[in-house]
$ cat start_39.pdb   # PDB, N, CA and C atoms
ATOM      1  N   MET N   4      17.687  -1.185  15.012
ATOM      2  CA  MET N   4      16.562  -1.318  15.896
ATOM      3  C   MET N   4      17.035  -1.935  17.203
ATOM      4  N   THR N   5      16.637  -1.360  18.281
ATOM      5  CA  THR N   5      17.122  -1.819  19.570
ATOM      6  C   THR N   5      16.415  -3.071  20.054
ATOM      7  N   GLN N   6      15.171  -3.274  19.702
ATOM      8  CA  GLN N   6      14.471  -4.480  20.114
ATOM      9  C   GLN N   6      13.750  -5.075  18.919
ATOM     10  N   ARG N   7      13.515  -6.361  19.008
ATOM     11  CA  ARG N   7      12.820  -7.055  17.925
ATOM     12  C   ARG N   7      11.362  -6.601  17.894
ATOM     13  N   ARG N   8      10.926  -6.145  16.768
ATOM     14  CA  ARG N   8       9.538  -5.703  16.621
ATOM     15  C   ARG N   8       8.862  -6.527  15.540
ATOM     16  N   ASP N   9       7.583  -6.686  15.664
ATOM     17  CA  ASP N   9       6.781  -7.391  14.686
ATOM     18  C   ASP N   9       6.776  -6.605  13.371
ATOM     19  N   THR N  10       6.932  -7.303  12.262
ATOM     20  CA  THR N  10       6.991  -6.648  10.959
ATOM     21  C   THR N  10       5.714  -5.871  10.653
ATOM     22  N   GLU N  11       4.565  -6.444  10.965
ATOM     23  CA  GLU N  11       3.307  -5.740  10.712
ATOM     24  C   GLU N  11       3.212  -4.463  11.544
ATOM     25  N   ASP N  12       3.704  -4.513  12.780
ATOM     26  CA  ASP N  12       3.726  -3.325  13.635
ATOM     27  C   ASP N  12       4.614  -2.247  13.013
ATOM     28  N   LEU N  13       5.785  -2.646  12.551
ATOM     29  CA  LEU N  13       6.686  -1.687  11.898
ATOM     30  C   LEU N  13       6.024  -1.078  10.663
ATOM     31  N   LEU N  14       5.355  -1.906   9.872
ATOM     32  CA  LEU N  14       4.698  -1.398   8.673
ATOM     33  C   LEU N  14       3.556  -0.440   9.022
ATOM     34  N   GLN N  15       2.806  -0.731  10.078
ATOM     35  CA  GLN N  15       1.738   0.188  10.494
ATOM     36  C   GLN N  15       2.312   1.545  10.889
ATOM     37  N   HIS N  16       3.382   1.529  11.662
ATOM     38  CA  HIS N  16       3.987   2.793  12.087
ATOM     39  C   HIS N  16       4.690   3.484  10.922
ATOM     40  N   TRP N  17       5.266   2.709  10.008
ATOM     41  CA  TRP N  17       5.861   3.284   8.802
ATOM     42  C   TRP N  17       4.785   4.008   7.991
ATOM     43  N   GLY N  18       3.595   3.396   7.872
ATOM     44  CA  GLY N  18       2.502   4.038   7.138
ATOM     45  C   GLY N  18       2.140   5.389   7.726
ATOM     46  N   MET N  19       2.062   5.462   9.061
ATOM     47  CA  MET N  19       1.774   6.750   9.719
ATOM     48  C   MET N  19       2.914   7.732   9.478
ATOM     49  N   TRP N  20       4.142   7.228   9.535
ATOM     50  CA  TRP N  20       5.343   8.039   9.312
ATOM     51  C   TRP N  20       5.312   8.636   7.907
ATOM     52  N   VAL N  21       4.934   7.819   6.914
ATOM     53  CA  VAL N  21       4.848   8.292   5.529
ATOM     54  C   VAL N  21       3.756   9.346   5.394
ATOM     55  N   ILE N  22       2.588   9.076   5.957
ATOM     56  CA  ILE N  22       1.461  10.005   5.850
ATOM     57  C   ILE N  22       1.804  11.355   6.468
ATOM     58  N   GLN N  23       2.543  11.339   7.563
ATOM     59  CA  GLN N  23       2.899  12.593   8.230
ATOM     60  C   GLN N  23       3.989  13.359   7.503
ATOM     61  N   GLY N  24       4.482  12.815   6.408
ATOM     62  CA  GLY N  24       5.439  13.554   5.605
ATOM     63  C   GLY N  24       6.882  13.336   5.984
ATOM     64  N   SER N  25       7.152  12.358   6.845
ATOM     65  CA  SER N  25       8.529  12.071   7.215
ATOM     66  C   SER N  25       9.244  11.295   6.125
ATOM     67  N   GLY N  26       8.485  10.591   5.302
ATOM     68  CA  GLY N  26       9.067   9.765   4.254
ATOM     69  C   GLY N  26       9.132  10.494   2.934
ATOM     70  N   VAL N  27       9.516   9.765   1.926
ATOM     71  CA  VAL N  27       9.672  10.320   0.597
ATOM     72  C   VAL N  27       8.330  10.404  -0.121
ATOM     73  N   SER N  28       7.388   9.524   0.224
ATOM     74  CA  SER N  28       6.099   9.471  -0.460
ATOM     75  C   SER N  28       5.324  10.777  -0.273
ATOM     76  N   ALA N  29       4.458  11.071  -1.221
ATOM     77  CA  ALA N  29       3.750  12.351  -1.233
ATOM     78  C   ALA N  29       2.361  12.269  -0.607
ATOM     79  N   CYS N  30       2.275  11.783   0.605
ATOM     80  CA  CYS N  30       1.003  11.734   1.342
ATOM     81  C   CYS N  30       1.187  12.578   2.590
ATOM     82  N   GLN N  31       0.190  13.349   2.950
ATOM     83  CA  GLN N  31       0.291  14.104   4.193
ATOM     84  C   GLN N  31      -1.065  14.217   4.860
ATOM     85  N   ALA N  32      -1.064  14.149   6.157
ATOM     86  CA  ALA N  32      -2.277  14.342   6.957
ATOM     87  C   ALA N  32      -1.855  14.870   8.310
ATOM     88  N   SER N  33      -2.776  15.517   9.010
ATOM     89  CA  SER N  33      -2.392  16.122  10.283
ATOM     90  C   SER N  33      -3.099  15.517  11.487
ATOM     91  N   THR N  34      -3.999  14.568  11.308
ATOM     92  CA  THR N  34      -4.777  14.068  12.436
ATOM     93  C   THR N  34      -4.468  12.626  12.815
ATOM     94  N   LEU N  35      -3.330  12.111  12.465
ATOM     95  CA  LEU N  35      -2.948  10.754  12.856
ATOM     96  C   LEU N  35      -2.148  10.788  14.146
ATOM     97  N   PRO N  36      -2.196   9.692  14.901
ATOM     98  CA  PRO N  36      -1.337   9.630  16.076
ATOM     99  C   PRO N  36       0.135   9.637  15.658
ATOM    100  N   THR N  37       0.982  10.029  16.561
ATOM    101  CA  THR N  37       2.410  10.054  16.275
ATOM    102  C   THR N  37       2.921   8.631  16.069
ATOM    103  N   PRO N  38       3.623   8.375  14.963
ATOM    104  CA  PRO N  38       4.137   7.025  14.740
ATOM    105  C   PRO N  38       5.222   6.683  15.758
ATOM    106  N   MET N  39       5.195   5.461  16.230
ATOM    107  CA  MET N  39       6.193   4.993  17.190
ATOM    108  C   MET N  39       7.310   4.301  16.417
ATOM    109  N   ILE N  40       7.996   5.094  15.605
ATOM    110  CA  ILE N  40       9.067   4.585  14.765
ATOM    111  C   ILE N  40      10.087   5.710  14.613
ATOM    112  N   THR N  41      11.343   5.363  14.659
ATOM    113  CA  THR N  41      12.377   6.375  14.479
ATOM    114  C   THR N  41      12.508   6.691  12.990
ATOM    115  N   ASP N  42      13.132   7.815  12.685
ATOM    116  CA  ASP N  42      13.376   8.138  11.280
ATOM    117  C   ASP N  42      14.254   7.076  10.630
ATOM    118  N   ASP N  43      15.228   6.552  11.364
ATOM    119  CA  ASP N  43      16.083   5.497  10.805
ATOM    120  C   ASP N  43      15.270   4.257  10.453
ATOM    121  N   GLU N  44      14.354   3.857  11.344
ATOM    122  CA  GLU N  44      13.501   2.701  11.059
ATOM    123  C   GLU N  44      12.565   3.002   9.891
ATOM    124  N   GLY N  45      12.008   4.208   9.872
ATOM    125  CA  GLY N  45      11.127   4.602   8.777
ATOM    126  C   GLY N  45      11.841   4.573   7.439
ATOM    127  N   LEU N  46      13.052   5.094   7.417
ATOM    128  CA  LEU N  46      13.839   5.080   6.182
ATOM    129  C   LEU N  46      14.202   3.662   5.770
ATOM    130  N   LEU N  47      14.492   2.801   6.747
ATOM    131  CA  LEU N  47      14.800   1.403   6.450
ATOM    132  C   LEU N  47      13.594   0.732   5.788
ATOM    133  N   ILE N  48      12.417   0.863   6.398
ATOM    134  CA  ILE N  48      11.215   0.249   5.837
ATOM    135  C   ILE N  48      10.892   0.871   4.478
ATOM    136  N   ASP N  49      11.032   2.184   4.341
ATOM    137  CA  ASP N  49      10.806   2.867   3.067
ATOM    138  C   ASP N  49      11.706   2.279   1.983
ATOM    139  N   GLY N  50      12.971   2.068   2.323
ATOM    140  CA  GLY N  50      13.916   1.482   1.376
ATOM    141  C   GLY N  50      13.560   0.049   1.013
ATOM    142  N   LEU N  51      13.090  -0.716   2.004
ATOM    143  CA  LEU N  51      12.708  -2.107   1.731
ATOM    144  C   LEU N  51      11.479  -2.177   0.831
ATOM    145  N   VAL N  52      10.522  -1.292   1.047
ATOM    146  CA  VAL N  52       9.342  -1.263   0.176
ATOM    147  C   VAL N  52       9.761  -0.869  -1.245
ATOM    148  N   SER N  53      10.719   0.033  -1.368
ATOM    149  CA  SER N  53      11.235   0.411  -2.690
ATOM    150  C   SER N  53      11.930  -0.766  -3.363
ATOM    151  N   ARG N  54      12.705  -1.520  -2.588
ATOM    152  CA  ARG N  54      13.349  -2.726  -3.132
ATOM    153  C   ARG N  54      12.313  -3.761  -3.539
ATOM    154  N   LEU N  55      11.288  -3.928  -2.723
ATOM    155  CA  LEU N  55      10.207  -4.859  -3.042
ATOM    156  C   LEU N  55       9.545  -4.459  -4.353
ATOM    157  N   ARG N  56       9.374  -3.160  -4.570
ATOM    158  CA  ARG N  56       8.736  -2.653  -5.787
ATOM    159  C   ARG N  56       9.498  -3.080  -7.041
ATOM    160  N   ARG N  57      10.806  -3.181  -6.951
ATOM    161  CA  ARG N  57      11.599  -3.578  -8.123
ATOM    162  C   ARG N  57      11.302  -5.012  -8.553
ATOM    163  N   GLY N  58      11.108  -5.908  -7.577
ATOM    164  CA  GLY N  58      10.872  -7.312  -7.908
ATOM    165  C   GLY N  58       9.413  -7.721  -7.918
ATOM    166  N   TYR N  59       8.640  -7.110  -7.043
ATOM    167  CA  TYR N  59       7.231  -7.481  -6.874
ATOM    168  C   TYR N  59       6.384  -6.212  -6.740
ATOM    169  N   PRO N  60       6.238  -5.480  -7.842
ATOM    170  CA  PRO N  60       5.570  -4.178  -7.752
ATOM    171  C   PRO N  60       4.140  -4.244  -7.225
ATOM    172  N   GLU N  61       3.411  -5.306  -7.549
ATOM    173  CA  GLU N  61       2.029  -5.397  -7.072
ATOM    174  C   GLU N  61       1.985  -5.517  -5.550
ATOM    175  N   SER N  62       2.887  -6.319  -4.979
ATOM    176  CA  SER N  62       2.939  -6.452  -3.513
ATOM    177  C   SER N  62       3.314  -5.125  -2.864
ATOM    178  N   ALA N  63       4.267  -4.425  -3.452
ATOM    179  CA  ALA N  63       4.676  -3.129  -2.903
ATOM    180  C   ALA N  63       3.519  -2.130  -2.959
ATOM    181  N   ASP N  64       2.773  -2.127  -4.054
ATOM    182  CA  ASP N  64       1.623  -1.222  -4.167
ATOM    183  C   ASP N  64       0.572  -1.533  -3.110
ATOM    184  N   VAL N  65       0.318  -2.830  -2.879
ATOM    185  CA  VAL N  65      -0.658  -3.216  -1.859
ATOM    186  C   VAL N  65      -0.189  -2.742  -0.490
ATOM    187  N   LEU N  66       1.093  -2.967  -0.156
ATOM    188  CA  LEU N  66       1.604  -2.519   1.148
ATOM    189  C   LEU N  66       1.470  -1.009   1.288
ATOM    190  N   LEU N  67       1.859  -0.277   0.268
ATOM    191  CA  LEU N  67       1.790   1.184   0.330
ATOM    192  C   LEU N  67       0.349   1.658   0.531
ATOM    193  N   HIS N  68      -0.571   1.144  -0.267
ATOM    194  CA  HIS N  68      -1.968   1.573  -0.142
ATOM    195  C   HIS N  68      -2.590   1.115   1.171
ATOM    196  N   TYR N  69      -2.273  -0.098   1.591
ATOM    197  CA  TYR N  69      -2.878  -0.638   2.812
ATOM    198  C   TYR N  69      -2.413   0.128   4.051
ATOM    199  N   TYR N  70      -1.115   0.392   4.137
ATOM    200  CA  TYR N  70      -0.582   1.015   5.348
ATOM    201  C   TYR N  70      -0.628   2.538   5.339
ATOM    202  N   THR N  71      -0.895   3.152   4.193
ATOM    203  CA  THR N  71      -0.980   4.616   4.176
ATOM    204  C   THR N  71      -2.414   5.112   4.000
ATOM    205  N   SER N  72      -3.365   4.216   4.060
ATOM    206  CA  SER N  72      -4.782   4.583   3.985
ATOM    207  C   SER N  72      -5.421   4.350   5.342
ATOM    208  N   ARG N  73      -6.282   5.241   5.726
ATOM    209  CA  ARG N  73      -6.964   5.079   7.011
ATOM    210  C   ARG N  73      -8.035   4.006   6.901
ATOM    211  N   ASP N  74      -7.994   3.060   7.804
ATOM    212  CA  ASP N  74      -9.010   2.006   7.884
ATOM    213  C   ASP N  74      -9.250   1.300   6.553
ATOM    214  N   ALA N  75      -8.207   1.107   5.757
ATOM    215  CA  ALA N  75      -8.356   0.424   4.479
ATOM    216  C   ALA N  75      -8.519  -1.076   4.702
ATOM    217  N   THR N  76      -9.409  -1.665   3.931
ATOM    218  CA  THR N  76      -9.578  -3.113   3.951
ATOM    219  C   THR N  76      -8.961  -3.665   2.675
ATOM    220  N   PHE N  77      -8.800  -4.981   2.632
ATOM    221  CA  PHE N  77      -8.272  -5.585   1.412
ATOM    222  C   PHE N  77      -9.217  -5.334   0.233
ATOM    223  N   SER N  78     -10.511  -5.286   0.489
ATOM    224  CA  SER N  78     -11.482  -5.010  -0.579
ATOM    225  C   SER N  78     -11.285  -3.608  -1.149
ATOM    226  N   VAL N  79     -11.126  -2.628  -0.269
ATOM    227  CA  VAL N  79     -10.949  -1.237  -0.706
ATOM    228  C   VAL N  79      -9.638  -1.082  -1.471
ATOM    229  N   VAL N  80      -8.553  -1.606  -0.906
ATOM    230  CA  VAL N  80      -7.247  -1.515  -1.571
ATOM    231  C   VAL N  80      -7.299  -2.241  -2.908
ATOM    232  N   GLY N  81      -7.904  -3.418  -2.915
ATOM    233  CA  GLY N  81      -8.015  -4.187  -4.153
ATOM    234  C   GLY N  81      -8.767  -3.430  -5.236
ATOM    235  N   ARG N  82      -9.877  -2.801  -4.870
ATOM    236  CA  ARG N  82     -10.643  -2.012  -5.851
ATOM    237  C   ARG N  82      -9.786  -0.890  -6.425
ATOM    238  N   ARG N  83      -9.034  -0.213  -5.564
ATOM    239  CA  ARG N  83      -8.172   0.888  -6.041
ATOM    240  C   ARG N  83      -7.120   0.395  -7.026
ATOM    241  N   LEU N  84      -6.642  -0.838  -6.800
ATOM    242  CA  LEU N  84      -5.558  -1.368  -7.625
ATOM    243  C   LEU N  84      -6.036  -2.314  -8.723
ATOM    244  N   GLY N  85      -7.329  -2.597  -8.747
ATOM    245  CA  GLY N  85      -7.869  -3.475  -9.779
ATOM    246  C   GLY N  85      -7.751  -4.954  -9.464
ATOM    247  N   PHE N  86      -7.683  -5.310  -8.186
ATOM    248  CA  PHE N  86      -7.608  -6.705  -7.757
ATOM    249  C   PHE N  86      -8.824  -7.030  -6.914
ATOM    250  N   GLY N  87      -9.098  -8.328  -6.780
ATOM    251  CA  GLY N  87     -10.105  -8.771  -5.832
ATOM    252  C   GLY N  87      -9.522  -8.768  -4.426
ATOM    253  N   ALA N  88     -10.390  -8.907  -3.434
ATOM    254  CA  ALA N  88      -9.947  -8.887  -2.034
ATOM    255  C   ALA N  88      -8.983 -10.030  -1.735
ATOM    256  N   GLU N  89      -9.244 -11.218  -2.276
ATOM    257  CA  GLU N  89      -8.381 -12.370  -1.985
ATOM    258  C   GLU N  89      -6.995 -12.193  -2.597
ATOM    259  N   LYS N  90      -6.923 -11.731  -3.837
ATOM    260  CA  LYS N  90      -5.608 -11.493  -4.449
ATOM    261  C   LYS N  90      -4.863 -10.405  -3.679
ATOM    262  N   THR N  91      -5.577  -9.376  -3.257
ATOM    263  CA  THR N  91      -4.964  -8.298  -2.482
ATOM    264  C   THR N  91      -4.390  -8.845  -1.181
ATOM    265  N   ARG N  92      -5.146  -9.706  -0.497
ATOM    266  CA  ARG N  92      -4.670 -10.312   0.749
ATOM    267  C   ARG N  92      -3.418 -11.149   0.497
ATOM    268  N   GLN N  93      -3.400 -11.903  -0.595
ATOM    269  CA  GLN N  93      -2.234 -12.728  -0.923
ATOM    270  C   GLN N  93      -1.013 -11.866  -1.246
ATOM    271  N   LEU N  94      -1.222 -10.786  -1.996
ATOM    272  CA  LEU N  94      -0.113  -9.877  -2.305
ATOM    273  C   LEU N  94       0.400  -9.201  -1.042
ATOM    274  N   TRP N  95      -0.513  -8.823  -0.139
ATOM    275  CA  TRP N  95      -0.126  -8.229   1.149
ATOM    276  C   TRP N  95       0.704  -9.219   1.950
ATOM    277  N   LYS N  96       0.213 -10.445   2.032
ATOM    278  CA  LYS N  96       0.901 -11.483   2.801
ATOM    279  C   LYS N  96       2.305 -11.735   2.240
ATOM    280  N   ALA N  97       2.422 -11.797   0.911
ATOM    281  CA  ALA N  97       3.724 -12.006   0.277
ATOM    282  C   ALA N  97       4.659 -10.829   0.548
ATOM    283  N   GLY N  98       4.135  -9.618   0.480
ATOM    284  CA  GLY N  98       4.957  -8.436   0.742
ATOM    285  C   GLY N  98       5.448  -8.377   2.175
ATOM    286  N   VAL N  99       4.553  -8.663   3.126
ATOM    287  CA  VAL N  99       4.943  -8.669   4.541
ATOM    288  C   VAL N  99       5.991  -9.753   4.781
ATOM    289  N   ALA N 100       5.797 -10.934   4.184
ATOM    290  CA  ALA N 100       6.761 -12.027   4.356
ATOM    291  C   ALA N 100       8.123 -11.652   3.779
ATOM    292  N   TRP N 101       8.134 -10.972   2.632
ATOM    293  CA  TRP N 101       9.399 -10.556   2.019
ATOM    294  C   TRP N 101      10.131  -9.570   2.925
ATOM    295  N   ILE N 102       9.406  -8.559   3.402
ATOM    296  CA  ILE N 102      10.004  -7.560   4.302
ATOM    297  C   ILE N 102      10.507  -8.249   5.572
ATOM    298  N   ASP N 103       9.708  -9.153   6.126
ATOM    299  CA  ASP N 103      10.090  -9.873   7.337
ATOM    300  C   ASP N 103      11.372 -10.667   7.117
ATOM    301  N   GLY N 104      11.486 -11.322   5.965
ATOM    302  CA  GLY N 104      12.690 -12.087   5.658
ATOM    303  C   GLY N 104      13.931 -11.211   5.576
ATOM    304  N   VAL N 105      13.803 -10.064   4.946
ATOM    305  CA  VAL N 105      14.946  -9.146   4.850
ATOM    306  C   VAL N 105      15.313  -8.617   6.236
ATOM    307  N   LEU N 106      14.310  -8.247   7.029
ATOM    308  CA  LEU N 106      14.582  -7.754   8.389
ATOM    309  C   LEU N 106      15.243  -8.831   9.242
ATOM    310  N   GLU N 107      14.809 -10.072   9.080
ATOM    311  CA  GLU N 107      15.415 -11.182   9.826
ATOM    312  C   GLU N 107      16.896 -11.314   9.458
ATOM    313  N   GLY N 108      17.196 -11.189   8.163
ATOM    314  CA  GLY N 108      18.589 -11.246   7.722
ATOM    315  C   GLY N 108      19.420 -10.114   8.296
ATOM    316  N   ILE N 109      18.828  -8.933   8.388
ATOM    317  CA  ILE N 109      19.529  -7.784   8.968
ATOM    318  C   ILE N 109      19.808  -8.037  10.445
ATOM    319  N   CYS N 110      18.812  -8.583  11.157
ATOM    320  CA  CYS N 110      18.986  -8.866  12.595
ATOM    321  C   CYS N 110      20.055  -9.929  12.818
ATOM    322  N   LEU N 111      20.088 -10.950  11.970
ATOM    323  CA  LEU N 111      21.084 -12.009  12.120
ATOM    324  C   LEU N 111      22.487 -11.500  11.809
ATOM    325  N   ALA N 112      22.577 -10.562  10.868
ATOM    326  CA  ALA N 112      23.878 -10.019  10.491
ATOM    327  C   ALA N 112      24.421  -9.056  11.539
ATOM    328  N   ALA N 113      23.542  -8.487  12.334
ATOM    329  CA  ALA N 113      23.966  -7.487  13.324
ATOM    330  C   ALA N 113      24.621  -8.113  14.531
TER
END
$ encode --input "start_39.pdb" --output "structure tokens"
Amino acid sequence: MTQRRDTEDLLQHWGMWVIQGSGVSACQASTLPTPMITDDEGLLIDGLVSRLRRGYPESADVLLHYYTSRDATFSVVGRRLGFGAEKTRQLWKAGVAWIDGVLEGICLAA
């Protein structure tokens, strides 16, 4: 990545990237704005979400559903996954923090 970007911003654009079929996930739509993320960045975030799934599958599921659903709220995502809105928010927060920590390590190593 050429410039430091906010993790939530990257995840939002990754979600659009996944929905448009650039990623491995099986979601597709044709009416979303073009994601402002390169394929390399999309693949990086995709890989990090996959790694997160190995250790914290609930957080990974929340991130996937939240960022690949249009206008999803924590309540909606939670209902889909069988959690309350507060637990969903906590799992989202933990997942974003985990991804942010890994990205920070990558930036420091570069």
$ closest_residue --input "start_39.pdb" --among "N:Phe86, N:Arg57, N:Asp42, N:Tyr69" --to "Gln15 (chain N)" --atoms "all atoms listed in the file"
N:Tyr69
$ atom_distance --input "start_39.pdb" --atom1 "atom C of Leu94 (chain N)" --atom2 "CA of Ile109 (chain N)"
21.6 Å
$ resolve_selection --input "start_39.pdb" --expression "the PyMOL selection byres (((chain N and resi 100 and name CA) around 12) and name CA)" --output "PyMOL selection string"
chain N and resi 9-11+14+51-52+55+62-63+66+93-99+101-107
$ closest_residue --input "start_39.pdb" --among "N:Leu111, N:Thr37, N:Gly18, N:Leu13" --to "Ser72 (chain N)" --atoms "only N, CA and C atoms"
N:Gly18
$ resolve_selection --input "start_39.pdb" --expression "the PyMOL selection byres (((chain N and resi 78 and name CA) around 9) and name CA)" --output "ChimeraX atom specification"
/N:75-77,79-83,86-89,91-92
$ atom_distance --input "start_39.pdb" --atom1 "atom N of Asp43 (chain N)" --atom2 "CA of Gln23 (chain N)"
14.1 Å
